[in-house]
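Asker: Structure in structure tokens, see below.
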Amino acid sequence: ECGVPSTGDSWVQYRVQYYVYALLFVVFDVEVVFMYPWALVWKGLGPAVFAEMLLFIGILAVALVYAWKKGVLEWE
């Protein structure tokens, strides 16, 4: 791309663990995208919507605990 000849092999093998971290980051990043607009207007929505958001956060917390217990977050 820049006119400099490349050195070495262009194919590099990555560990699967990098992809798992990337997927977990995307999942929790999307969680924040859903929570931000809700946090701006939650006082006017009522207690039912608050309970639904707690359920949403609870499901994601269970998923995080499951990944933690399975050793997915362990770095070797």
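Chain labels run A, B, ... following the order of the structure tokens; each chain numbers its residues from 1, and ligands are numbered from 1 in the order shown.
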Just the residues within 12 Å of Val41 (chain A), please, counting only C-alpha atoms, with nothing from its chain fewer than 6 positions along; format it as a list in words.

Answerer: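 Contacts, with the query itself left out: Met35, Val49 and Phe50 of chain A.
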
Asker: For region 58-60 of chain A, please output as a list in words all residues within 9 Å (counting only C-alpha atoms; exclusion window: fewer than 5 positions along the same chain).

Answerer: Val27, Phe28, Glu31, Met53 and Val65 of chain A

Asker: For each of A:Ala39, A:Val62, A:Leu73, A:Ala51, take the minimum atom-to-atom distance to Tyr19 (chain A), counting only C-alpha atoms, then give the residue where this is smallest.

Answerer: A:Leu73

Asker: Could you go through chain A and tell me which residues DSSP, when run on the backbone, assigns to alpha helix (DSSP H), listing them as a PyMOL selection string?

Answerer: chain A and resi 16-41+47-69

Asker: What is the CA of Tyr21 (chain A) to CA of Ala67 (chain A) distance in Å?

Answerer: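 These two atoms are separated by 10.6 Å.
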